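Below: one structure, written as structure tokens.
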Amino acid sequence: LKVLEVESGETHRVTTPTFWDSCPAWDPDGRFLYFVSSREFEPVYDELQHNLSFPRGQRPYILTLRNDVPNPLLPELRAVGYETDEEEEEEEESDEEDQGSDSGQSEDGDSQYAPGDDHQQTPPEPTEIDMDGIEERVVALPVAAGRYEQIVGLEHDALMYTVFPVPNHRVGFEPTAAGNNVHKGEDEDSEVRGDLVKFDLRRLKESVLIPNAVQEIVVSMDGESTAILESDEDGAYYVRVVATGQKPKEEDDDENEVDPYAYGRDSG
């Protein structure tokens with residue numbers, strides 16, 4: 001991975017070219033660079049041949065951009081009288097509740113900002129990067145190796161990513177009615193659907209936002225909303241828009257179950 005310094009036009013390498021790194025994403029607070037990499041492999045034995053297979057070889061990684069930024073996975077040292085875990089969890093829950101108001105959305109989901117407000121005019125703060133030793137400041141998230149495709153940095157020390165299962169497609173030659181053997185690749189009718197997962201760096205905990213349905217995600221420029229391309233068991237595609245980093249509604253205001261594929265504001 002390389003970063004471009006806009007003012008000078010210079011590029012700087014931030015990861016070693018020995019590995020396969022992809023899907024970089026900035027932390028909104030300018031402390032980390034998230035990305036997906038194939039660095040640590042977890043082989044499994046093949047059922048047919050006496051050999052090893054590597055069906056899962058990716059993991060999300062974090063790169064600290066400055067020397068003064070500590071490893072986010074190491075717990076902080078707590079002094080005597082430090083707030084208890086229960087108090088800390090209550091504070092984090094209040095932060096999550098405030099996230100909707102901080103993002104510029106009202107309780108009914110409408111934007112609180114007019115098109116000409118300073119909220120959309122204020123330029124972002126420049127990101128400071130210490131290039132010395134930056135390739136050595138890479139740490140892996142404590143999650144299982146898998147097939148990760150997209151990663152997004154979130155506020156409040158969190159990130160989200162998509163992860164997909166190993167596809168179970170038949171590959172080979174199948175006879176046709178005319179008796180000719182034709183190559184059969186991946187079965188297009190059996191679409192592989194992934195999970196949209198959120199990772200909390202404070203608690204070092206994963207939570208699945210949308211299970212077994214996601215194909216692709218696109219986050220808005222202001223980071224408030226996420227458009228999600230989903231597919232169901234019948235192969236039908238849907239696009240829904242939800243608040244970034246939040247689970248879609250499971251119940252409406254009348255406590256009725258929300259159909260995720262019904263058109264409406266509650267389902268996205």
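Lettering and numbering for the structure tokens are positional, with chains as A, B, ... in the shown order, residues counted from 1 in each chain, and ligands counted from 1 in the shown order.
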Set out as a tab-separated table a contact list for segment 1-73 of chain A and segment 192-210 of chain A with a cut-off of 12 Å, giving each residue of segment 1-73 of chain A that qualifies its closest atom pair and distance in Å to one decimal, counting only C-alpha atoms, ordered by chain and rising residue number.
```
residue	atom	partner	partner_atom	distance
A:Asp27	CA	A:Leu201	CA	11.9
A:Phe32	CA	A:Leu201	CA	11.7
A:Tyr34	CA	A:Phe199	CA	11.9
A:Pro60	CA	A:Phe199	CA	10.3
A:Tyr61	CA	A:Phe199	CA	11.8
A:Ile62	CA	A:Leu201	CA	10.6
A:Asn71	CA	A:Leu201	CA	10.4
A:Pro72	CA	A:Leu201	CA	6.7
A:Leu73	CA	A:Leu201	CA	6.8
```
Put those residues in a file: all heavy atoms, as an mmCIF file, in the first residue's frame.
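File written: again.cif
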```cif
data_model
loop_
_atom_site.group_PDB
_atom_site.id
_atom_site.type_symbol
_atom_site.label_atom_id
_atom_site.label_comp_id
_atom_site.auth_asym_id
_atom_site.auth_seq_id
_atom_site.Cartn_x
_atom_site.Cartn_y
_atom_site.Cartn_z
ATOM 1 N N ASP A 27 -9.135 5.795 9.258
ATOM 2 C CA ASP A 27 -9.852 6.028 10.500
ATOM 3 C C ASP A 27 -10.351 7.468 10.484
ATOM 4 O O ASP A 27 -9.596 8.380 10.153
ATOM 5 C CB ASP A 27 -8.902 5.802 11.686
ATOM 6 C CG ASP A 27 -9.458 6.352 12.984
ATOM 7 O OD1 ASP A 27 -10.672 6.211 13.202
ATOM 8 O OD2 ASP A 27 -8.678 6.919 13.774
ATOM 9 N N PHE A 32 -5.437 5.747 12.428
ATOM 10 C CA PHE A 32 -5.162 4.424 11.889
ATOM 11 C C PHE A 32 -5.442 4.369 10.387
ATOM 12 O O PHE A 32 -6.177 5.196 9.837
ATOM 13 C CB PHE A 32 -6.031 3.357 12.578
ATOM 14 C CG PHE A 32 -6.038 3.434 14.074
ATOM 15 C CD1 PHE A 32 -7.213 3.675 14.767
ATOM 16 C CD2 PHE A 32 -4.870 3.265 14.797
ATOM 17 C CE1 PHE A 32 -7.225 3.750 16.143
ATOM 18 C CE2 PHE A 32 -4.865 3.331 16.168
ATOM 19 C CZ PHE A 32 -6.051 3.580 16.848
ATOM 20 N N TYR A 34 -6.813 1.210 8.146
ATOM 21 C CA TYR A 34 -7.292 -0.168 8.145
ATOM 22 C C TYR A 34 -7.118 -0.763 6.756
ATOM 23 O O TYR A 34 -7.258 -0.068 5.751
ATOM 24 C CB TYR A 34 -8.775 -0.224 8.526
ATOM 25 C CG TYR A 34 -9.122 0.440 9.832
ATOM 26 C CD1 TYR A 34 -9.880 1.609 9.864
ATOM 27 C CD2 TYR A 34 -8.711 -0.096 11.044
ATOM 28 C CE1 TYR A 34 -10.217 2.223 11.064
ATOM 29 C CE2 TYR A 34 -9.036 0.507 12.247
ATOM 30 C CZ TYR A 34 -9.795 1.672 12.245
ATOM 31 O OH TYR A 34 -10.109 2.276 13.427
ATOM 32 N N PRO A 60 -8.355 -8.629 8.721
ATOM 33 C CA PRO A 60 -8.230 -7.164 8.797
ATOM 34 C C PRO A 60 -7.024 -6.771 9.649
ATOM 35 O O PRO A 60 -6.727 -7.410 10.653
ATOM 36 C CB PRO A 60 -9.547 -6.728 9.452
ATOM 37 C CG PRO A 60 -10.457 -7.905 9.367
ATOM 38 C CD PRO A 60 -9.573 -9.108 9.379
ATOM 39 N N TYR A 61 -6.363 -5.705 9.236
ATOM 40 C CA TYR A 61 -5.176 -5.221 9.946
ATOM 41 C C TYR A 61 -5.313 -3.730 10.222
ATOM 42 O O TYR A 61 -6.058 -3.005 9.541
ATOM 43 C CB TYR A 61 -3.908 -5.469 9.122
ATOM 44 C CG TYR A 61 -3.475 -6.915 9.106
ATOM 45 C CD1 TYR A 61 -4.102 -7.840 8.274
ATOM 46 C CD2 TYR A 61 -2.442 -7.371 9.918
ATOM 47 C CE1 TYR A 61 -3.712 -9.173 8.257
ATOM 48 C CE2 TYR A 61 -2.046 -8.695 9.909
ATOM 49 C CZ TYR A 61 -2.679 -9.587 9.075
ATOM 50 O OH TYR A 61 -2.304 -10.905 9.066
ATOM 51 N N ILE A 62 -4.555 -3.283 11.235
ATOM 52 C CA ILE A 62 -4.533 -1.875 11.626
ATOM 53 C C ILE A 62 -3.100 -1.376 11.560
ATOM 54 O O ILE A 62 -2.187 -2.031 12.056
ATOM 55 C CB ILE A 62 -5.082 -1.674 13.046
ATOM 56 C CG1 ILE A 62 -6.490 -2.256 13.170
ATOM 57 C CG2 ILE A 62 -5.093 -0.204 13.417
ATOM 58 C CD1 ILE A 62 -7.040 -2.167 14.576
ATOM 59 N N ASN A 71 -0.730 0.912 20.442
ATOM 60 C CA ASN A 71 -1.407 -0.237 19.845
ATOM 61 C C ASN A 71 -2.844 -0.285 20.367
ATOM 62 O O ASN A 71 -3.069 -0.415 21.574
ATOM 63 C CB ASN A 71 -0.659 -1.520 20.225
ATOM 64 C CG ASN A 71 -1.240 -2.757 19.561
ATOM 65 O OD1 ASN A 71 -2.391 -2.790 19.144
ATOM 66 N ND2 ASN A 71 -0.426 -3.802 19.454
ATOM 67 N N PRO A 72 -3.851 -0.183 19.498
ATOM 68 C CA PRO A 72 -5.242 -0.123 19.984
ATOM 69 C C PRO A 72 -5.735 -1.433 20.584
ATOM 70 O O PRO A 72 -6.785 -1.444 21.227
ATOM 71 C CB PRO A 72 -6.029 0.236 18.717
ATOM 72 C CG PRO A 72 -5.212 -0.294 17.600
ATOM 73 C CD PRO A 72 -3.779 -0.119 18.025
ATOM 74 N N LEU A 73 -5.007 -2.522 20.385
ATOM 75 C CA LEU A 73 -5.441 -3.813 20.908
ATOM 76 C C LEU A 73 -4.915 -4.101 22.301
ATOM 77 O O LEU A 73 -5.335 -5.064 22.942
ATOM 78 C CB LEU A 73 -4.999 -4.936 19.962
ATOM 79 C CG LEU A 73 -5.447 -4.796 18.502
ATOM 80 C CD1 LEU A 73 -5.006 -6.014 17.702
ATOM 81 C CD2 LEU A 73 -6.950 -4.609 18.406
#
```
Please produce, as a tab-separated table, a per-residue contact table for segment 1-87 of chain A versus segment 132-143 of chain A (criterion: any atom at most 12 Å away, only C-alpha atoms considered), showing the nearest atom pair and its distance in Å to one decimal, sorted by chain then residue number.
```
residue	atom	partner	partner_atom	distance
A:Leu1	CA	A:Glu135	CA	10.0
A:Lys2	CA	A:Glu135	CA	10.8
A:Val3	CA	A:Ile134	CA	11.8
A:His12	CA	A:Ile134	CA	10.3
A:Arg13	CA	A:Glu135	CA	8.2
A:Val14	CA	A:Glu135	CA	5.4
A:Thr15	CA	A:Glu135	CA	4.9
A:Thr16	CA	A:Glu135	CA	6.4
A:Pro17	CA	A:Glu135	CA	10.1
A:Thr18	CA	A:Glu135	CA	11.4
A:Phe19	CA	A:Glu135	CA	11.7
A:Asp21	CA	A:Val138	CA	11.7
A:Arg31	CA	A:Arg137	CA	11.9
A:Phe32	CA	A:Val138	CA	9.8
A:Leu33	CA	A:Val138	CA	9.3
A:Tyr34	CA	A:Val138	CA	9.5
A:Phe35	CA	A:Ala140	CA	9.7
A:Val36	CA	A:Ala140	CA	9.4
A:Ser37	CA	A:Ala140	CA	9.1
A:Ser38	CA	A:Ala140	CA	10.7
A:Arg39	CA	A:Ala140	CA	9.4
A:Glu40	CA	A:Ala140	CA	9.3
A:Gly57	CA	A:Val143	CA	11.9
A:Gln58	CA	A:Val143	CA	10.1
A:Arg59	CA	A:Ala140	CA	7.0
A:Pro60	CA	A:Leu141	CA	5.8
A:Tyr61	CA	A:Ala140	CA	4.4
A:Ile62	CA	A:Val139	CA	5.3
A:Leu63	CA	A:Val138	CA	4.5
A:Thr64	CA	A:Arg137	CA	5.9
A:Leu65	CA	A:Ile134	CA	7.1
A:Arg66	CA	A:Ile134	CA	8.0
A:Asn67	CA	A:Ile134	CA	8.3
A:Asp68	CA	A:Arg137	CA	11.2
A:Val69	CA	A:Arg137	CA	9.9
A:Pro70	CA	A:Arg137	CA	9.6
A:Asn71	CA	A:Val139	CA	7.7
A:Pro72	CA	A:Val139	CA	8.9
A:Leu73	CA	A:Leu141	CA	7.8
A:Leu74	CA	A:Val139	CA	10.6
```
Can you spit out the residues from that selection as a compact mmCIF listing (two decimals), in the first residue's frame, using N, CA and C atoms?
```txt
# COMPACT_ATOMS: atom_id res chain seq x y z
N LEU A 1 0.84 -1.19 0.00
CA LEU A 1 0.00 0.00 0.00
C LEU A 1 0.88 1.24 0.00
N LYS A 2 0.43 2.26 -0.69
CA LYS A 2 1.13 3.54 -0.74
C LYS A 2 0.14 4.66 -0.46
N VAL A 3 0.63 5.74 0.10
CA VAL A 3 -0.18 6.93 0.33
C VAL A 3 0.39 8.06 -0.52
N HIS A 12 4.38 7.44 -0.79
CA HIS A 12 5.17 6.79 0.25
C HIS A 12 4.61 5.39 0.49
N ARG A 13 5.48 4.42 0.54
CA ARG A 13 5.06 3.06 0.82
C ARG A 13 4.85 2.88 2.32
N VAL A 14 3.71 2.29 2.70
CA VAL A 14 3.41 2.12 4.12
C VAL A 14 3.33 0.65 4.53
N THR A 15 3.30 -0.26 3.59
CA THR A 15 3.37 -1.70 3.91
C THR A 15 4.39 -2.35 2.99
N THR A 16 4.95 -3.45 3.45
CA THR A 16 5.96 -4.14 2.66
C THR A 16 5.32 -4.85 1.47
N PRO A 17 5.97 -4.87 0.31
CA PRO A 17 5.39 -5.50 -0.88
C PRO A 17 5.46 -7.02 -0.88
N THR A 18 5.87 -7.61 0.24
CA THR A 18 5.95 -9.06 0.32
C THR A 18 4.56 -9.69 0.40
N PHE A 19 3.59 -8.95 0.94
CA PHE A 19 2.27 -9.49 1.18
C PHE A 19 1.26 -8.91 0.19
N ASP A 21 -1.84 -6.84 0.11
CA ASP A 21 -2.63 -5.89 0.88
C ASP A 21 -3.65 -5.21 -0.01
N ARG A 31 -6.00 8.40 13.06
CA ARG A 31 -4.98 7.69 13.83
C ARG A 31 -4.54 6.39 13.18
N PHE A 32 -5.44 5.75 12.43
CA PHE A 32 -5.16 4.42 11.89
C PHE A 32 -5.44 4.37 10.39
N LEU A 33 -4.83 3.37 9.78
CA LEU A 33 -5.18 2.97 8.42
C LEU A 33 -5.57 1.50 8.49
N TYR A 34 -6.81 1.21 8.15
CA TYR A 34 -7.29 -0.17 8.15
C TYR A 34 -7.12 -0.76 6.76
N PHE A 35 -6.84 -2.05 6.70
CA PHE A 35 -6.74 -2.72 5.40
C PHE A 35 -6.87 -4.22 5.58
N VAL A 36 -7.08 -4.92 4.47
CA VAL A 36 -7.18 -6.37 4.45
C VAL A 36 -5.88 -6.92 3.87
N SER A 37 -5.35 -7.98 4.49
CA SER A 37 -4.07 -8.51 4.03
C SER A 37 -4.05 -10.03 4.15
N SER A 38 -3.28 -10.65 3.25
CA SER A 38 -3.01 -12.09 3.31
C SER A 38 -1.60 -12.26 3.85
N ARG A 39 -1.49 -12.47 5.16
CA ARG A 39 -0.19 -12.56 5.82
C ARG A 39 -0.04 -13.81 6.68
N GLU A 40 -1.11 -14.21 7.32
CA GLU A 40 -1.07 -15.37 8.20
C GLU A 40 -2.05 -16.41 7.68
N GLY A 57 -7.35 -17.07 4.04
CA GLY A 57 -6.01 -16.53 4.22
C GLY A 57 -5.95 -15.04 4.44
N GLN A 58 -7.08 -14.42 4.78
CA GLN A 58 -7.10 -12.98 4.96
C GLN A 58 -7.54 -12.61 6.37
N ARG A 59 -7.18 -11.38 6.73
CA ARG A 59 -7.55 -10.86 8.04
C ARG A 59 -7.51 -9.33 7.97
N PRO A 60 -8.35 -8.63 8.72
CA PRO A 60 -8.23 -7.16 8.80
C PRO A 60 -7.02 -6.77 9.65
N TYR A 61 -6.36 -5.71 9.24
CA TYR A 61 -5.18 -5.22 9.95
C TYR A 61 -5.31 -3.73 10.22
N ILE A 62 -4.56 -3.28 11.23
CA ILE A 62 -4.53 -1.88 11.63
C ILE A 62 -3.10 -1.38 11.56
N LEU A 63 -2.91 -0.22 10.96
CA LEU A 63 -1.61 0.43 10.91
C LEU A 63 -1.72 1.76 11.64
N THR A 64 -0.92 1.95 12.69
CA THR A 64 -0.93 3.22 13.41
C THR A 64 -0.13 4.25 12.62
N LEU A 65 -0.73 5.40 12.38
CA LEU A 65 -0.13 6.39 11.49
C LEU A 65 0.94 7.24 12.16
N ARG A 66 0.92 7.34 13.48
CA ARG A 66 1.91 8.15 14.19
C ARG A 66 2.60 7.33 15.26
N ASN A 67 3.80 7.75 15.61
CA ASN A 67 4.57 7.03 16.63
C ASN A 67 3.95 7.15 18.02
N ASP A 68 3.22 8.23 18.27
CA ASP A 68 2.65 8.43 19.60
C ASP A 68 1.29 7.75 19.77
N VAL A 69 0.81 7.09 18.73
CA VAL A 69 -0.47 6.37 18.83
C VAL A 69 -0.18 4.96 19.33
N PRO A 70 -0.72 4.55 20.48
CA PRO A 70 -0.43 3.21 21.00
C PRO A 70 -1.16 2.13 20.23
N ASN A 71 -0.73 0.91 20.44
CA ASN A 71 -1.41 -0.24 19.84
C ASN A 71 -2.84 -0.28 20.37
N PRO A 72 -3.85 -0.18 19.50
CA PRO A 72 -5.24 -0.12 19.98
C PRO A 72 -5.74 -1.43 20.58
N LEU A 73 -5.01 -2.52 20.39
CA LEU A 73 -5.44 -3.81 20.91
C LEU A 73 -4.92 -4.10 22.30
N LEU A 74 -3.98 -3.28 22.78
CA LEU A 74 -3.45 -3.48 24.13
C LEU A 74 -4.32 -2.76 25.15
```
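Those residues that approach Val44 of chain A to within 7 Å, counting only C-alpha atoms, are Leu52, Ser53 and Phe54 of chain A; same-chain residues fewer than 5 positions away are not listed.
As for atom CA of Tyr148 of chain A and atom CA of Val239 of chain A, they are spaced 20.4 Å apart.
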Separation of atom CA of Tyr238 of chain A from atom CA of Ala262 of chain A in Å: 9.7 Å
Spatial neighbours of segment 248-258 of chain A, 12 Å, only C-alpha atoms, chain gap at least 4 places, as a ChimeraX atom specification: /A:108-109,196,208-211,225-228,240-244,262-268
Please identify all polymer residues within 9 Å of Glu149 of chain A, counting only C-alpha atoms, omitting same-chain residues fewer than 4 positions from it, and present them as a PDB file with N, CA and C atoms, in the first residue's frame.
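And here's around-v7.pdb as it stands now:
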```pdb
ATOM      1  N   SER A  22      -4.853  -5.002   0.511  1.00  0.00           N
ATOM      2  CA  SER A  22      -5.919  -4.413  -0.301  1.00  0.00           C
ATOM      3  C   SER A  22      -6.927  -3.713   0.598  1.00  0.00           C
ATOM      4  N   CYS A  23      -7.884  -3.049  -0.036  1.00  0.00           N
ATOM      5  CA  CYS A  23      -9.046  -2.423   0.631  1.00  0.00           C
ATOM      6  C   CYS A  23      -8.655  -1.461   1.746  1.00  0.00           C
ATOM      7  N   VAL A  36      -7.082  -4.915   4.470  1.00  0.00           N
ATOM      8  CA  VAL A  36      -7.180  -6.375   4.453  1.00  0.00           C
ATOM      9  C   VAL A  36      -5.881  -6.915   3.872  1.00  0.00           C
ATOM     10  N   TYR A 161     -16.639  -4.402   8.416  1.00  0.00           N
ATOM     11  CA  TYR A 161     -16.102  -5.065   7.244  1.00  0.00           C
ATOM     12  C   TYR A 161     -17.063  -6.158   6.787  1.00  0.00           C
ATOM     13  N   THR A 162     -16.869  -6.605   5.559  1.00  0.00           N
ATOM     14  CA  THR A 162     -17.652  -7.712   5.025  1.00  0.00           C
ATOM     15  C   THR A 162     -16.776  -8.957   4.990  1.00  0.00           C
ATOM     16  N   VAL A 163     -17.363 -10.093   5.358  1.00  0.00           N
ATOM     17  CA  VAL A 163     -16.650 -11.365   5.354  1.00  0.00           C
ATOM     18  C   VAL A 163     -17.557 -12.401   4.711  1.00  0.00           C
ATOM     19  N   PHE A 164     -16.960 -13.256   3.869  1.00  0.00           N
ATOM     20  CA  PHE A 164     -17.724 -14.213   3.083  1.00  0.00           C
ATOM     21  C   PHE A 164     -17.259 -15.634   3.396  1.00  0.00           C
ATOM     22  N   GLU A 216     -22.265  -6.210  -1.240  1.00  0.00           N
ATOM     23  CA  GLU A 216     -21.366  -5.058  -1.367  1.00  0.00           C
ATOM     24  C   GLU A 216     -21.930  -3.909  -0.550  1.00  0.00           C
TER      25      GLU A 216
END
```
Taking 3 positions as the minimum chain separation for residues in the same chain, which residues sit within 10 Å of Leu154 of chain A when counting only C-alpha atoms? Answer as a list in words. Ala25, Trp26, Asp27, Pro28, Asp29, Ile151, Asp157, Ala158, Leu159, Met160, Lys198, Phe199, Asp200, Gly223, Glu224, Thr244 and Gly245 of chain A
Calculate how many Å separate atom CA of Ser8 of chain A from atom CA of Thr122 of chain A, rounding to one decimal. 22.7 Å
Please provide as a list of chain:residue names all residues within 6 Å of Glu230 of chain A, with the sequence filter that same-chain residues fewer than 4 positions apart are discarded (counting only C-alpha atoms). A:Ala213, A:Val214, A:Gln215, A:Tyr237, A:Tyr238
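When only C-alpha atoms are used to compute distances to Pro24 of chain A, the closest of the residues A:Gln49, A:Gln150, A:Thr127, A:Thr11 turns out to be A:Gln150.
With only C-alpha atoms as the atoms that count, the residue of A:Gly30, A:Trp20, A:Gly235, A:Phe41 with the shortest distance to Ile129 of chain A is A:Gly30.
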